[in-house]
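To be precise, the following lines are start24.txt, and they hold compact mmCIF, C-alpha atoms.
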```
# COMPACT_ATOMS: atom_id res chain seq x y z
CA MET A 1 -36.10 -18.57 26.31
CA GLU A 2 -34.27 -19.36 23.07
CA VAL A 3 -36.28 -20.99 20.26
CA PHE A 4 -34.40 -23.16 17.70
CA ALA A 5 -35.35 -24.03 14.20
CA VAL A 6 -35.63 -27.75 13.46
CA SER A 7 -32.60 -27.74 11.23
CA GLU A 8 -30.60 -25.83 13.86
CA LEU A 9 -31.54 -28.35 16.52
CA ASN A 10 -30.55 -31.25 14.26
CA ARG A 11 -27.19 -29.61 13.54
CA MET A 12 -26.61 -29.10 17.26
CA VAL A 13 -27.39 -32.73 18.03
CA LYS A 14 -25.12 -33.81 15.15
CA ALA A 15 -22.28 -31.70 16.53
CA VAL A 16 -22.78 -33.09 20.03
CA LEU A 17 -22.73 -36.69 18.84
CA GLU A 18 -19.68 -36.18 16.64
CA SER A 19 -17.82 -34.63 19.56
CA VAL A 20 -18.05 -37.80 21.65
CA PRO A 21 -14.82 -39.81 21.04
CA GLU A 22 -16.52 -43.09 21.94
CA LEU A 23 -18.97 -42.63 19.05
CA GLU A 24 -16.31 -42.03 16.41
CA ASN A 25 -15.62 -45.74 15.96
CA VAL A 26 -18.11 -48.10 17.55
CA TYR A 27 -18.89 -51.77 16.89
CA VAL A 28 -22.53 -52.81 16.86
CA ARG A 29 -23.87 -56.37 16.77
CA GLY A 30 -27.37 -57.11 15.50
CA GLU A 31 -29.59 -58.71 12.90
CA ILE A 32 -29.77 -57.12 9.45
CA SER A 33 -33.25 -55.98 8.41
CA ASN A 34 -34.78 -53.70 5.78
CA TYR A 35 -31.71 -54.20 3.61
CA LYS A 36 -31.63 -52.21 0.37
CA PHE A 37 -28.91 -51.84 -2.22
CA TYR A 38 -28.94 -49.28 -5.02
CA PRO A 39 -26.62 -50.32 -7.86
CA SER A 40 -26.74 -46.88 -9.45
CA SER A 41 -25.08 -45.30 -6.41
CA GLY A 42 -23.42 -48.36 -4.89
CA HIS A 43 -24.75 -47.47 -1.41
CA HIS A 44 -26.19 -50.01 1.05
CA TYR A 45 -28.98 -49.11 3.49
CA PHE A 46 -30.17 -51.36 6.31
CA SER A 47 -30.96 -51.59 10.00
CA LEU A 48 -29.39 -53.57 12.82
CA LYS A 49 -31.84 -54.79 15.41
CA ASP A 50 -31.99 -56.95 18.52
CA GLU A 51 -34.78 -57.75 20.95
CA GLY A 52 -34.58 -54.27 22.51
CA GLY A 53 -34.14 -51.82 19.67
CA THR A 54 -33.13 -50.83 16.14
CA VAL A 55 -30.48 -48.56 14.67
CA ARG A 56 -30.40 -47.35 11.08
CA CYS A 57 -27.16 -47.88 9.12
CA VAL A 58 -25.73 -46.63 5.86
CA PHE A 59 -22.75 -48.16 4.04
CA PHE A 60 -21.52 -45.81 1.34
CA LYS A 61 -19.93 -47.08 -1.86
CA SER A 62 -16.43 -45.81 -1.03
CA GLN A 63 -16.32 -47.96 2.13
CA ALA A 64 -18.48 -50.80 0.76
CA MET A 65 -16.02 -51.62 -2.04
CA SER A 66 -14.19 -53.85 0.44
CA LEU A 67 -17.38 -55.85 1.15
CA ARG A 68 -16.78 -59.49 0.21
CA PHE A 69 -20.21 -60.97 0.93
CA GLN A 70 -23.78 -60.06 0.12
CA PRO A 71 -25.71 -58.79 3.15
CA GLN A 72 -29.11 -60.40 3.60
CA ASN A 73 -32.10 -59.82 5.86
CA GLY A 74 -31.94 -62.00 8.95
CA MET A 75 -28.13 -62.31 8.87
CA LYS A 76 -26.28 -61.73 12.13
CA ALA A 77 -23.58 -59.13 11.58
CA ILE A 78 -21.16 -56.76 13.29
CA ALA A 79 -20.85 -53.26 11.86
CA SER A 80 -18.28 -50.65 12.74
CA GLY A 81 -18.38 -46.93 12.07
CA ARG A 82 -19.28 -43.52 13.47
CA VAL A 83 -22.57 -42.34 14.93
CA SER A 84 -24.06 -39.14 13.59
CA VAL A 85 -27.35 -37.47 12.67
CA PHE A 86 -28.79 -37.00 9.22
CA PRO A 87 -29.97 -33.37 9.56
CA ARG A 88 -32.78 -33.65 7.07
CA ASP A 89 -34.90 -36.04 9.18
CA GLY A 90 -33.20 -35.74 12.56
CA THR A 91 -32.59 -39.48 12.84
CA TYR A 92 -29.28 -40.69 14.14
CA GLN A 93 -27.64 -43.53 12.27
CA LEU A 94 -24.47 -45.54 12.02
CA TYR A 95 -22.22 -44.60 9.11
CA CYS A 96 -20.48 -47.93 8.51
CA SER A 97 -16.84 -48.34 7.64
CA SER A 98 -16.93 -52.16 7.74
CA LEU A 99 -19.42 -54.99 7.98
CA HIS A 100 -18.70 -58.61 8.92
CA PRO A 101 -20.90 -61.65 9.52
CA ASP A 102 -21.23 -62.46 13.20
CA GLY A 103 -19.67 -65.82 14.07
CA ALA A 104 -18.08 -66.43 10.67
CA GLY A 105 -15.62 -64.42 8.62
CA ASP A 106 -16.78 -62.38 5.67
CA LEU A 107 -14.68 -64.56 3.36
CA HIS A 108 -16.49 -67.66 4.52
CA ALA A 109 -19.88 -65.98 4.12
CA ALA A 110 -19.00 -64.76 0.65
CA PHE A 111 -17.75 -68.23 -0.29
CA GLU A 112 -20.95 -69.94 0.87
CA GLN A 113 -23.20 -67.40 -0.81
CA LEU A 114 -21.43 -67.64 -4.16
CA LYS A 115 -21.28 -71.43 -3.96
CA GLU A 116 -25.01 -71.71 -3.33
CA ARG A 117 -25.88 -69.27 -6.11
CA LEU A 118 -23.68 -70.96 -8.72
CA TRP A 119 -24.90 -74.39 -7.65
CA LYS A 120 -28.50 -73.30 -8.20
CA GLU A 121 -27.54 -72.02 -11.66
CA GLY A 122 -26.14 -75.45 -12.56
CA LEU A 123 -22.46 -74.49 -12.88
CA PHE A 124 -21.45 -77.52 -10.77
CA ALA A 125 -23.54 -80.06 -12.73
CA LEU A 126 -21.68 -83.27 -13.58
CA GLU A 127 -23.18 -83.47 -17.07
CA HIS A 128 -21.30 -80.30 -17.97
CA LYS A 129 -17.90 -81.77 -17.07
CA LYS A 130 -15.64 -82.44 -20.06
CA PRO A 131 -13.41 -85.54 -20.07
CA LEU A 132 -9.66 -85.05 -19.87
CA PRO A 133 -7.72 -86.12 -22.98
CA ALA A 134 -5.87 -89.41 -22.54
CA TYR A 135 -2.80 -88.33 -24.53
CA PRO A 136 -2.60 -84.51 -24.74
CA GLU A 137 -0.20 -82.98 -27.22
CA THR A 138 -0.03 -79.63 -25.41
CA ILE A 139 -0.63 -79.03 -21.70
CA GLY A 140 -1.32 -75.45 -20.64
CA ILE A 141 -0.59 -74.14 -17.12
CA VAL A 142 -2.28 -70.96 -15.87
CA THR A 143 -0.37 -69.94 -12.76
CA SER A 144 2.33 -67.67 -11.39
CA PRO A 145 5.68 -68.05 -13.19
CA VAL A 146 7.48 -67.89 -9.84
CA GLY A 147 7.19 -70.23 -6.92
CA ALA A 148 7.63 -73.92 -6.32
CA ALA A 149 4.24 -75.01 -7.72
CA VAL A 150 4.98 -74.26 -11.38
CA HIS A 151 8.44 -75.84 -11.22
CA ASP A 152 7.05 -78.97 -9.58
CA MET A 153 4.37 -79.32 -12.28
CA ILE A 154 6.85 -78.87 -15.14
CA ARG A 155 9.27 -81.35 -13.55
CA ILE A 156 6.55 -84.01 -13.18
CA LEU A 157 5.25 -83.46 -16.72
CA ARG A 158 8.73 -83.83 -18.21
CA ARG A 159 9.36 -86.97 -16.22
CA ARG A 160 6.00 -88.65 -16.84
CA TYR A 161 5.18 -87.60 -20.40
CA PRO A 162 7.99 -85.80 -22.25
CA LEU A 163 6.09 -86.16 -25.55
CA ALA A 164 3.72 -83.38 -24.55
CA LYS A 165 4.50 -79.71 -25.04
CA VAL A 166 4.10 -77.63 -21.88
CA LEU A 167 2.81 -74.07 -22.34
CA LEU A 168 2.97 -71.67 -19.39
CA LEU A 169 0.43 -68.82 -19.31
CA PRO A 170 1.85 -66.61 -16.52
CA VAL A 171 -0.65 -64.71 -14.37
CA ARG A 172 -0.91 -63.14 -10.95
CA VAL A 173 -2.59 -65.50 -8.52
CA GLN A 174 -3.02 -63.20 -5.56
CA GLY A 175 -4.42 -59.73 -5.04
CA PRO A 176 -7.11 -57.69 -6.81
CA GLU A 177 -5.28 -57.96 -10.17
CA ALA A 178 -5.32 -61.77 -10.09
CA PRO A 179 -8.95 -62.57 -11.14
CA PRO A 180 -8.88 -60.46 -14.34
CA ALA A 181 -5.49 -61.91 -15.27
CA ILE A 182 -6.71 -65.48 -14.78
CA VAL A 183 -9.84 -64.75 -16.83
CA ARG A 184 -7.79 -63.30 -19.70
CA ALA A 185 -5.41 -66.25 -19.74
CA ILE A 186 -8.22 -68.85 -19.89
CA ARG A 187 -10.07 -66.95 -22.61
CA TYR A 188 -6.88 -66.57 -24.64
CA ALA A 189 -6.18 -70.30 -24.40
CA CYS A 190 -9.71 -71.22 -25.49
CA GLU A 191 -10.01 -68.68 -28.31
CA ASN A 192 -6.66 -69.67 -29.82
CA LYS A 193 -6.85 -73.41 -28.93
CA VAL A 194 -3.29 -73.34 -27.62
CA ALA A 195 -3.63 -76.48 -25.48
CA ASP A 196 -5.57 -79.72 -25.17
CA VAL A 197 -5.99 -79.34 -21.39
CA LEU A 198 -5.41 -76.54 -18.88
CA ILE A 199 -4.18 -76.65 -15.29
CA VAL A 200 -5.40 -73.58 -13.39
CA GLY A 201 -4.09 -73.07 -9.87
CA ARG A 202 -1.36 -72.12 -7.47
CA GLY A 203 0.45 -73.33 -4.37
CA GLY A 204 -0.89 -73.19 -0.83
CA GLY A 205 -1.67 -70.12 1.21
CA SER A 206 -4.23 -68.47 3.47
CA ALA A 207 -7.87 -67.99 2.53
CA GLU A 208 -7.05 -64.43 1.47
CA ASP A 209 -4.15 -65.69 -0.69
CA LEU A 210 -6.42 -68.19 -2.48
CA TRP A 211 -9.36 -65.81 -2.85
CA ALA A 212 -8.73 -65.11 -6.55
CA PHE A 213 -9.99 -68.64 -7.27
CA ASN A 214 -13.25 -67.87 -5.44
CA ASP A 215 -13.96 -64.99 -7.80
CA GLU A 216 -17.30 -65.24 -9.61
CA GLN A 217 -15.89 -64.09 -12.96
CA VAL A 218 -13.12 -66.70 -12.77
CA ALA A 219 -15.73 -69.37 -11.99
CA ARG A 220 -17.93 -68.42 -14.94
CA THR A 221 -14.94 -68.28 -17.29
CA ILE A 222 -13.93 -71.81 -16.25
CA TYR A 223 -17.51 -72.99 -16.76
CA HIS A 224 -17.70 -71.60 -20.31
CA ALA A 225 -14.19 -72.74 -21.31
CA THR A 226 -14.01 -75.00 -24.37
CA ILE A 227 -10.80 -76.68 -23.15
CA PRO A 228 -10.98 -79.18 -20.25
CA ILE A 229 -9.71 -77.51 -17.06
CA VAL A 230 -8.19 -79.07 -13.96
CA SER A 231 -8.38 -76.91 -10.82
CA ALA A 232 -5.25 -77.22 -8.67
CA VAL A 233 -5.40 -74.66 -5.85
CA GLY A 234 -3.44 -74.97 -2.64
CA HIS A 235 -3.29 -78.17 -0.65
CA GLU A 236 -5.79 -80.99 -0.32
CA PRO A 237 -7.89 -79.40 2.49
CA ASP A 238 -8.21 -76.15 0.51
CA VAL A 239 -11.47 -75.91 -1.43
CA THR A 240 -12.32 -73.07 -3.80
CA ILE A 241 -15.20 -72.24 -6.12
CA ALA A 242 -12.91 -73.08 -9.05
CA ASP A 243 -12.73 -76.66 -7.76
CA PHE A 244 -16.51 -77.05 -8.08
CA VAL A 245 -16.76 -75.50 -11.56
CA ALA A 246 -13.70 -77.10 -13.18
CA ASP A 247 -13.94 -80.36 -15.13
CA ALA A 248 -11.67 -82.05 -12.57
CA ARG A 249 -10.22 -81.12 -9.20
CA ALA A 250 -6.68 -81.98 -8.12
CA ALA A 251 -5.64 -82.04 -4.48
CA THR A 252 -2.39 -80.20 -5.28
CA PRO A 253 -0.68 -78.74 -8.36
CA THR A 254 1.62 -81.78 -8.55
CA HIS A 255 -1.42 -84.05 -8.45
CA ALA A 256 -2.88 -82.05 -11.35
CA ALA A 257 0.27 -82.69 -13.39
CA GLU A 258 -0.13 -86.41 -12.75
CA MET A 259 -3.82 -86.31 -13.71
CA VAL A 260 -3.27 -84.77 -17.16
CA SER A 261 -0.21 -86.80 -18.14
CA PRO A 262 0.06 -90.55 -18.71
CA ASP A 263 3.05 -92.22 -17.06
CA ARG A 264 5.83 -92.96 -19.56
CA ALA A 265 6.83 -96.14 -17.69
CA GLU A 266 3.24 -97.41 -17.63
CA LEU A 267 2.87 -96.63 -21.34
CA SER A 268 6.10 -98.49 -22.07
CA ASP A 269 4.91 -101.55 -20.13
CA ARG A 270 1.54 -101.41 -21.88
CA LEU A 271 3.17 -101.17 -25.31
CA LEU A 272 5.46 -104.07 -24.51
CA GLY A 273 2.45 -106.11 -23.46
CA ILE A 274 0.63 -105.21 -26.68
CA GLN A 275 3.73 -106.11 -28.68
CA ALA A 276 3.98 -109.52 -26.99
CA HIS A 277 0.27 -110.11 -27.59
CA LEU A 278 0.62 -109.22 -31.28
CA LEU A 279 3.63 -111.53 -31.61
CA ARG A 280 1.63 -114.38 -30.10
CA LEU A 281 -1.23 -113.69 -32.46
CA GLN A 282 1.07 -113.58 -35.48
CA SER A 283 2.90 -116.74 -34.41
CA GLY A 284 -0.40 -118.57 -34.06
CA ARG A 285 -1.55 -117.25 -37.43
CA VAL A 286 1.68 -118.34 -39.13
CA GLU A 287 1.40 -121.77 -37.55
CA ALA A 288 -2.22 -122.14 -38.66
CA LEU A 289 -1.33 -121.04 -42.20
CA GLY A 290 1.56 -123.55 -42.25
CA LYS A 291 -0.78 -126.37 -41.31
CA GLN A 292 -3.27 -125.20 -43.91
CA LEU A 293 -0.50 -125.22 -46.52
CA GLU A 294 0.52 -128.76 -45.55
CA ASN A 295 -3.10 -129.93 -45.86
CA LEU A 296 -3.42 -128.30 -49.27
CA ALA A 297 -0.13 -129.80 -50.48
CA ALA A 298 -1.34 -133.28 -49.52
CA LYS A 299 -4.59 -132.98 -51.43
CA ARG A 300 -5.13 -135.28 -54.45
CA THR A 301 -5.70 -132.24 -56.68
CA LEU A 302 -2.06 -131.23 -56.29
CA THR A 303 -0.49 -134.68 -56.09
CA ASP A 304 -2.39 -135.99 -59.17
CA PRO A 305 -3.64 -133.07 -61.29
CA MET A 306 -5.39 -135.37 -63.86
CA ALA A 307 -7.40 -136.97 -61.06
CA PHE A 308 -9.55 -133.88 -60.95
CA VAL A 309 -10.22 -134.15 -64.70
CA GLU A 310 -11.07 -137.85 -64.40
CA ASP A 311 -13.42 -137.18 -61.50
CA LYS A 312 -15.18 -134.51 -63.50
CA ARG A 313 -15.33 -136.79 -66.54
CA MET A 314 -16.96 -139.53 -64.47
CA LEU A 315 -19.36 -137.01 -63.05
CA LEU A 316 -20.17 -135.83 -66.58
CA GLY A 317 -20.93 -139.40 -67.70
CA HIS A 318 -23.18 -139.89 -64.69
CA VAL A 319 -25.01 -136.63 -65.41
CA GLN A 320 -25.45 -137.63 -69.07
CA ARG A 321 -26.99 -140.95 -68.10
CA GLU A 322 -29.29 -139.21 -65.67
CA LEU A 323 -30.34 -136.77 -68.38
CA PHE A 324 -31.00 -139.56 -70.90
CA HIS A 325 -33.05 -141.48 -68.36
CA ALA A 326 -34.98 -138.34 -67.47
CA ALA A 327 -35.61 -137.61 -71.15
CA GLU A 328 -36.84 -141.16 -71.80
CA THR A 329 -39.09 -140.99 -68.77
CA ARG A 330 -40.39 -137.61 -69.81
CA MET A 331 -41.08 -138.82 -73.39
CA ALA A 332 -42.59 -142.18 -72.34
CA GLU A 333 -45.30 -140.56 -70.29
CA PRO A 334 -46.80 -138.52 -73.20
CA ALA A 335 -46.63 -141.63 -75.43
CA ARG A 336 -48.52 -143.63 -72.82
CA LYS A 337 -51.09 -140.88 -72.50
CA LEU A 338 -51.40 -140.69 -76.30
CA ALA A 339 -51.97 -144.46 -76.57
CA ALA A 340 -54.60 -144.33 -73.85
CA ALA A 341 -56.32 -141.43 -75.59
CA ALA A 342 -56.18 -143.28 -78.93
CA ALA A 343 -57.66 -146.39 -77.32
CA SER A 344 -60.43 -144.27 -75.85
CA LEU A 345 -61.11 -142.64 -79.18
CA ASP A 346 -61.03 -145.97 -80.92
CA ALA A 347 -63.54 -147.35 -78.45
CA LEU A 348 -65.82 -144.42 -79.18
CA SER A 349 -65.21 -144.48 -82.97
CA PRO A 350 -68.33 -145.16 -85.09
CA LEU A 351 -66.18 -147.34 -87.37
CA ARG A 352 -65.99 -149.96 -84.64
CA VAL A 353 -69.81 -149.93 -84.49
CA LEU A 354 -69.98 -150.35 -88.24
CA GLY A 355 -67.64 -153.29 -87.99
CA ARG A 356 -70.20 -155.13 -85.92
CA GLY A 357 -72.75 -155.10 -88.86
CA TYR A 358 -74.34 -151.72 -88.41
CA ALA A 359 -74.63 -149.01 -91.06
CA MET A 360 -74.84 -145.23 -90.88
CA VAL A 361 -77.55 -143.79 -93.18
CA THR A 362 -77.57 -140.18 -94.35
CA ASP A 363 -79.44 -138.22 -96.95
CA GLU A 364 -77.72 -136.80 -99.96
CA GLN A 365 -76.76 -133.70 -97.97
CA GLY A 366 -74.98 -135.81 -95.33
CA ASN A 367 -77.60 -135.41 -92.62
CA VAL A 368 -77.85 -138.55 -90.47
CA LEU A 369 -81.21 -140.30 -90.71
CA ARG A 370 -82.04 -141.44 -87.21
CA ARG A 371 -85.71 -142.36 -87.92
CA ALA A 372 -87.42 -143.94 -90.90
CA ALA A 373 -89.77 -141.02 -91.07
CA ASP A 374 -86.81 -138.73 -91.83
CA ALA A 375 -86.57 -140.30 -95.33
CA ALA A 376 -88.95 -139.79 -98.19
CA VAL A 377 -90.23 -142.42 -100.68
CA GLY A 378 -88.33 -141.99 -103.87
CA GLY A 379 -85.58 -140.15 -102.16
CA ARG A 380 -81.95 -141.14 -102.26
CA THR A 381 -79.92 -142.19 -99.23
CA VAL A 382 -76.32 -143.03 -98.54
CA SER A 383 -75.53 -146.06 -96.36
CA ARG A 384 -72.01 -146.34 -95.02
CA LEU A 385 -70.86 -149.83 -94.07
CA ALA A 386 -67.67 -151.08 -92.58
CA ASP A 387 -66.12 -151.84 -95.93
CA GLY A 388 -67.84 -149.34 -98.25
CA THR A 389 -70.79 -147.09 -99.10
CA LEU A 390 -74.19 -147.86 -100.71
CA PHE A 391 -76.19 -145.27 -102.64
CA CYS A 392 -79.87 -146.29 -102.41
CA ARG A 393 -83.38 -145.20 -103.53
CA VAL A 394 -86.24 -145.44 -101.04
CA GLU A 395 -88.99 -147.58 -102.50
CA GLU A 396 -91.09 -147.96 -99.41
CA ILE A 397 -90.98 -146.89 -95.76
CA VAL A 398 -92.20 -149.41 -93.16
CA LEU A 399 -92.54 -148.09 -89.60
CA GLU A 400 -92.52 -150.12 -86.39
CA GLU A 401 -96.28 -150.47 -86.48
CA ASN A 402 -95.94 -152.06 -90.01
CA ASP A 403 -97.62 -149.05 -91.57
CA ARG A 404 -96.41 -148.32 -95.03
CA VAL A 405 -95.66 -144.93 -96.34
```
What do you get writing this file as structure tokens?
Amino acid sequence: MEVFAVSELNRMVKAVLESVPELENVYVRGEISNYKFYPSSGHHYFSLKDEGGTVRCVFFKSQAMSLRFQPQNGMKAIASGRVSVFPRDGTYQLYCSSLHPDGAGDLHAAFEQLKERLWKEGLFALEHKKPLPAYPETIGIVTSPVGAAVHDMIRILRRRYPLAKVLLLPVRVQGPEAPPAIVRAIRYACENKVADVLIVGRGGGSAEDLWAFNDEQVARTIYHATIPIVSAVGHEPDVTIADFVADARAATPTHAAEMVSPDRAELSDRLLGIQAHLLRLQSGRVEALGKQLENLAAKRTLTDPMAFVEDKRMLLGHVQRELFHAAETRMAEPARKLAAAAASLDALSPLRVLGRGYAMVTDEQGNVLRRAADAAVGGRTVSRLADGTLFCRVEEIVLEENDRV
């Protein structure tokens, strides 16, 4: 009986499996689970499972570089590759050479994944869209310099709006070199401000031909561009990530040329309409000014210049009379008040009392003697009458009770 070491047995099983031609390139359908990706190595590790079993899979970086979508747990997929054993743990696994979503192409899966991710980040938000300039001075075109699309766009721009300068930024629009070229062209245009608006696109083609405009780096460059960008990729049914990110989407490249350029004929008609409107306005203004001039010429001020002076002279005379009347009225009122005050004072004046036969008696110092007792026998008094003054000596004082002092 021969006894094998574990590593020997694993190598034998590996050799047996790798000798079976049917296991050199097999296709396996299942649901992805336990998916892991290591950016440092670029390798993908996962399992494919169905209701009856599970097989481990490894997708090395060299083969995975062609992967166009992001594998996810729960995704139905079809993997192809060779079956072998990893000697270290004795587990057989599928060494993948390709991986595709089951039921939908890998391009479609990659498109949907990137669209959902960028949408969640807000790259499709309407508030980020920049308006297209109404009358651009320079129109930039980022596309292939060969092909019918660029010639159609230039022809339409020259016909519709020859005032604008057309600047072609030639790039590859297909193949692995296309996305970096498109990114460089857009960045160059924005950094140097070479145009007022950019058309980024190409003519029609298959999904693979248009894939450069589904590139994530192209989408982010369009989003961060400082110049308004119109996406014009393929035909109307074709939809790319660039269409969602751009400020405007055109159904075709020729439609993009029409979007960024005003029509010369329409501009001419509009200018003619504005000119006619201005002429009508000016004619009406001239007519109104003519009537105003006629009215002014017929005024009395111009027909009889001295009439104005006479009118002002009459007005001056009227104002003078008003002022005199106001002055008289103003002066009469104080005079009336003064007379009334004088009459009141006169009514209260002691002279009027004296005029009725009364006298005002004071002592020599001028103090009024209101009672007989205020005088002294032998003293001198002063009696003021209406027509003069008496200087008297008191001989005797008789009070009301006839008592003598």
> What residues have an atom no more than 9 Å from (-2.8, -77.9, -18.3) in the file's own frame, counting all atoms listed in the file, and can you write them as a VMD selection string?
Replying inline: chain A and resid 138 to 142 166 to 168 195 to 200 228 to 230 256 to 257 260
> Can you list, as a list in words, every protein, DNA or RNA residue that comes within 10 Å of region 14-24 of chain A when you count all atoms listed in the file, leaving out same-chain residues fewer than 2 positions away?
Replying inline: Glu8, Leu9, Asn10, Arg11, Met12, Val26, Tyr27, Ser80, Gly81, Arg82, Val83, Ser84, Val85, Phe86, Pro87, Gly90, Thr91, Tyr92, Leu94 and Tyr95 of chain A
> Mind listing as a list of chain:residue names all residues within 7 Å of (-21.9, -44.4, -2.8), counting all atoms listed in the file?
Replying inline: A:Ser41, A:Gly42, A:His43, A:Phe60, A:Lys61, A:Ser62
> Counting all atoms listed in the file, what is within 10 Å of Tyr135 (chain A), bar same-chain residues fewer than 6 positions away, as a PyMOL selection string?
Replying inline: chain A and resi 161+163-164+196+260-262
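Interatomic distance, CA of Lys165 (chain A) against CA of Ala134 (chain A): 14.4 Å.
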Would you fill out region 120-135 of chain A with N, CA, C and O atoms and return it as a compact mmCIF listing (two decimals), keeping the file's coordinate frame?
```
# COMPACT_ATOMS: atom_id res chain seq x y z
N LYS A 120 -27.13 -73.40 -7.74
CA LYS A 120 -28.50 -73.30 -8.20
C LYS A 120 -28.57 -73.01 -9.70
O LYS A 120 -29.50 -73.42 -10.38
N GLU A 121 -27.57 -72.32 -10.23
CA GLU A 121 -27.54 -72.02 -11.66
C GLU A 121 -27.08 -73.22 -12.50
O GLU A 121 -27.18 -73.19 -13.72
N GLY A 122 -26.56 -74.25 -11.84
CA GLY A 122 -26.14 -75.45 -12.56
C GLY A 122 -24.69 -75.46 -12.99
O GLY A 122 -24.28 -76.31 -13.79
N LEU A 123 -23.86 -74.54 -12.46
CA LEU A 123 -22.46 -74.49 -12.88
C LEU A 123 -21.64 -75.66 -12.34
O LEU A 123 -20.54 -75.92 -12.82
N PHE A 124 -22.18 -76.38 -11.33
CA PHE A 124 -21.45 -77.52 -10.77
C PHE A 124 -21.95 -78.84 -11.33
O PHE A 124 -21.49 -79.91 -10.90
N ALA A 125 -22.89 -78.82 -12.25
CA ALA A 125 -23.54 -80.06 -12.73
C ALA A 125 -22.52 -81.00 -13.37
O ALA A 125 -21.66 -80.57 -14.16
N LEU A 126 -22.63 -82.27 -13.07
CA LEU A 126 -21.68 -83.27 -13.58
C LEU A 126 -21.81 -83.44 -15.09
O LEU A 126 -20.81 -83.72 -15.76
N GLU A 127 -23.02 -83.26 -15.63
CA GLU A 127 -23.18 -83.47 -17.07
C GLU A 127 -22.45 -82.42 -17.89
O GLU A 127 -22.28 -82.58 -19.10
N HIS A 128 -22.04 -81.34 -17.24
CA HIS A 128 -21.30 -80.30 -17.97
C HIS A 128 -19.80 -80.59 -18.00
O HIS A 128 -19.07 -79.99 -18.78
N LYS A 129 -19.35 -81.51 -17.16
CA LYS A 129 -17.90 -81.77 -17.07
C LYS A 129 -17.38 -82.41 -18.36
O LYS A 129 -17.98 -83.33 -18.89
N LYS A 130 -16.27 -81.89 -18.85
CA LYS A 130 -15.64 -82.44 -20.06
C LYS A 130 -14.57 -83.46 -19.65
O LYS A 130 -13.86 -83.25 -18.67
N PRO A 131 -14.44 -84.55 -20.40
CA PRO A 131 -13.41 -85.54 -20.07
C PRO A 131 -12.01 -85.01 -20.39
O PRO A 131 -11.82 -84.24 -21.33
N LEU A 132 -11.04 -85.45 -19.62
CA LEU A 132 -9.66 -85.05 -19.87
C LEU A 132 -9.09 -85.91 -21.00
O LEU A 132 -9.38 -87.11 -21.08
N PRO A 133 -8.30 -85.33 -21.89
CA PRO A 133 -7.72 -86.12 -22.98
C PRO A 133 -6.73 -87.14 -22.44
O PRO A 133 -5.96 -86.86 -21.51
N ALA A 134 -6.75 -88.34 -23.02
CA ALA A 134 -5.87 -89.41 -22.54
C ALA A 134 -4.41 -89.12 -22.89
O ALA A 134 -3.51 -89.39 -22.08
N TYR A 135 -4.17 -88.57 -24.08
CA TYR A 135 -2.80 -88.33 -24.53
C TYR A 135 -2.70 -86.91 -25.11
O TYR A 135 -2.72 -86.73 -26.32
```
